[in-house]
Amino acid sequence: MRLEDEIKQSSFKSEQSKLIVNLIYTSNRLKEQITARLKENGLTMQQYNVLRIVRGAGETGSTTSEIRERLLDKMSDASRMVDRLVSMDLLEKVRDKEDRRIVFIYLTSKGSKLVNDLVEREEVESLAAGMDEKKAQQLNELLDCFRSDLCS
C-alpha cells in the first residue's frame, strides 16, 4: 500500500520529505512486528540484539563495552540489559582470571537454545520474506548510501 494511503496524506513538499516520513513510518511498523514476535518468546528487541551479539562472539565471549559498540540501538543501556539477561538465565558473566576488572559474557545453554531457535525459525528475518533477493539487495544498497550521506 502506498504511504499516502497508509497515513492519509495526499501530498508531500518533496520526494525527500516523503522519504523521511516513509522511513520513519516503515521503521515503526517493522519495530511493532518484531516486538510482537519477540514478546511471544519473552524478549525485547534490544535483548534479542544482545543475545545475537554474544552468540556471534562465540567461545571467546564478549565484554559489555563490545556489546555496547555493536548495539543497533545506541541509546540502550548495555550493562542493565546484560544483568537482566543474566537474571533470566540466558547469559552468564565470567571474570577474567588474569585481569579481574574484565568480565566476559557468554550465552548459557538456555540462552543459546533460545537465540538459535529464533534464528533457525527466522522469527525476525521472515518479515522480509516477501521481498525477493534482488530487491532486498537494492534496498540495502540504497539504505547504505542514505546512511552514508547522513554521516558526511
# chains A, B, ... in the order shown; residues from 1 in each chain; ligands from 1
>>> select_by_dssp(residues="region 110-148 of chain A", states="alpha helix (DSSP H)", output="VMD selection string")
chain A and resid 110 to 120 133 to 148
>>> residues_around(residues="region 98-114 of chain A", least_positions_apart="5", cutoff="6 Å", atoms="only C-alpha atoms", output="JSON, numbers by chain")
{"A": [61, 62, 63, 90, 91, 92, 93]}
>>> write_last_selection(atoms="C-alpha atoms", output="mmCIF file, in the first residue's frame")
data_model
loop_
_atom_site.group_PDB
_atom_site.id
_atom_site.type_symbol
_atom_site.label_atom_id
_atom_site.label_comp_id
_atom_site.auth_asym_id
_atom_site.auth_seq_id
_atom_site.Cartn_x
_atom_site.Cartn_y
_atom_site.Cartn_z
ATOM 1 C CA GLY A 61 32.705 -14.351 24.779
ATOM 2 C CA SER A 62 32.067 -10.635 24.705
ATOM 3 C CA THR A 63 32.523 -7.737 27.078
ATOM 4 C CA LEU A 90 20.185 -16.508 29.258
ATOM 5 C CA LEU A 91 23.670 -15.062 29.808
ATOM 6 C CA GLU A 92 26.446 -15.612 32.303
ATOM 7 C CA LYS A 93 29.287 -13.365 33.396
#
>>> select_by_dssp(residues="region 40-115 of chain A", states="strand (DSSP E)", output="ChimeraX atom specification")
/A:91-95,103-107
>>> write_last_selection(atoms="N, CA and C atoms", output="mmCIF file, in the first residue's frame")
data_model
loop_
_atom_site.group_PDB
_atom_site.id
_atom_site.type_symbol
_atom_site.label_atom_id
_atom_site.label_comp_id
_atom_site.auth_asym_id
_atom_site.auth_seq_id
_atom_site.Cartn_x
_atom_site.Cartn_y
_atom_site.Cartn_z
ATOM 1 N N LEU A 91 22.253 -15.408 29.898
ATOM 2 C CA LEU A 91 23.670 -15.062 29.808
ATOM 3 C C LEU A 91 24.338 -15.358 31.132
ATOM 4 N N GLU A 92 25.660 -15.492 31.076
ATOM 5 C CA GLU A 92 26.446 -15.612 32.303
ATOM 6 C C GLU A 92 27.668 -14.720 32.189
ATOM 7 N N LYS A 93 28.099 -14.210 33.337
ATOM 8 C CA LYS A 93 29.287 -13.365 33.396
ATOM 9 C C LYS A 93 30.412 -14.167 34.036
ATOM 10 N N VAL A 94 31.608 -14.030 33.450
ATOM 11 C CA VAL A 94 32.783 -14.718 33.977
ATOM 12 C C VAL A 94 33.933 -13.718 34.030
ATOM 13 N N ARG A 95 34.497 -13.518 35.229
ATOM 14 C CA ARG A 95 35.635 -12.603 35.390
ATOM 15 C C ARG A 95 36.892 -13.227 34.788
ATOM 16 N N VAL A 103 35.210 -8.536 32.510
ATOM 17 C CA VAL A 103 34.156 -9.531 32.655
ATOM 18 C C VAL A 103 33.716 -9.965 31.262
ATOM 19 N N PHE A 104 33.790 -11.262 31.013
ATOM 20 C CA PHE A 104 33.337 -11.804 29.737
ATOM 21 C C PHE A 104 31.904 -12.313 29.878
ATOM 22 N N ILE A 105 31.154 -12.161 28.824
ATOM 23 C CA ILE A 105 29.750 -12.547 28.821
ATOM 24 C C ILE A 105 29.560 -13.666 27.809
ATOM 25 N N TYR A 106 28.870 -14.718 28.247
ATOM 26 C CA TYR A 106 28.628 -15.894 27.418
ATOM 27 C C TYR A 106 27.143 -16.251 27.462
ATOM 28 N N LEU A 107 26.702 -16.936 26.417
ATOM 29 C CA LEU A 107 25.359 -17.493 26.436
ATOM 30 C C LEU A 107 25.330 -18.696 27.371
#
>>> residues_around(residues="Arg2 (chain A)", least_positions_apart="2", cutoff="12 Å", atoms="only C-alpha atoms", output="ChimeraX atom specification")
/A:4-11,18,22,25-26
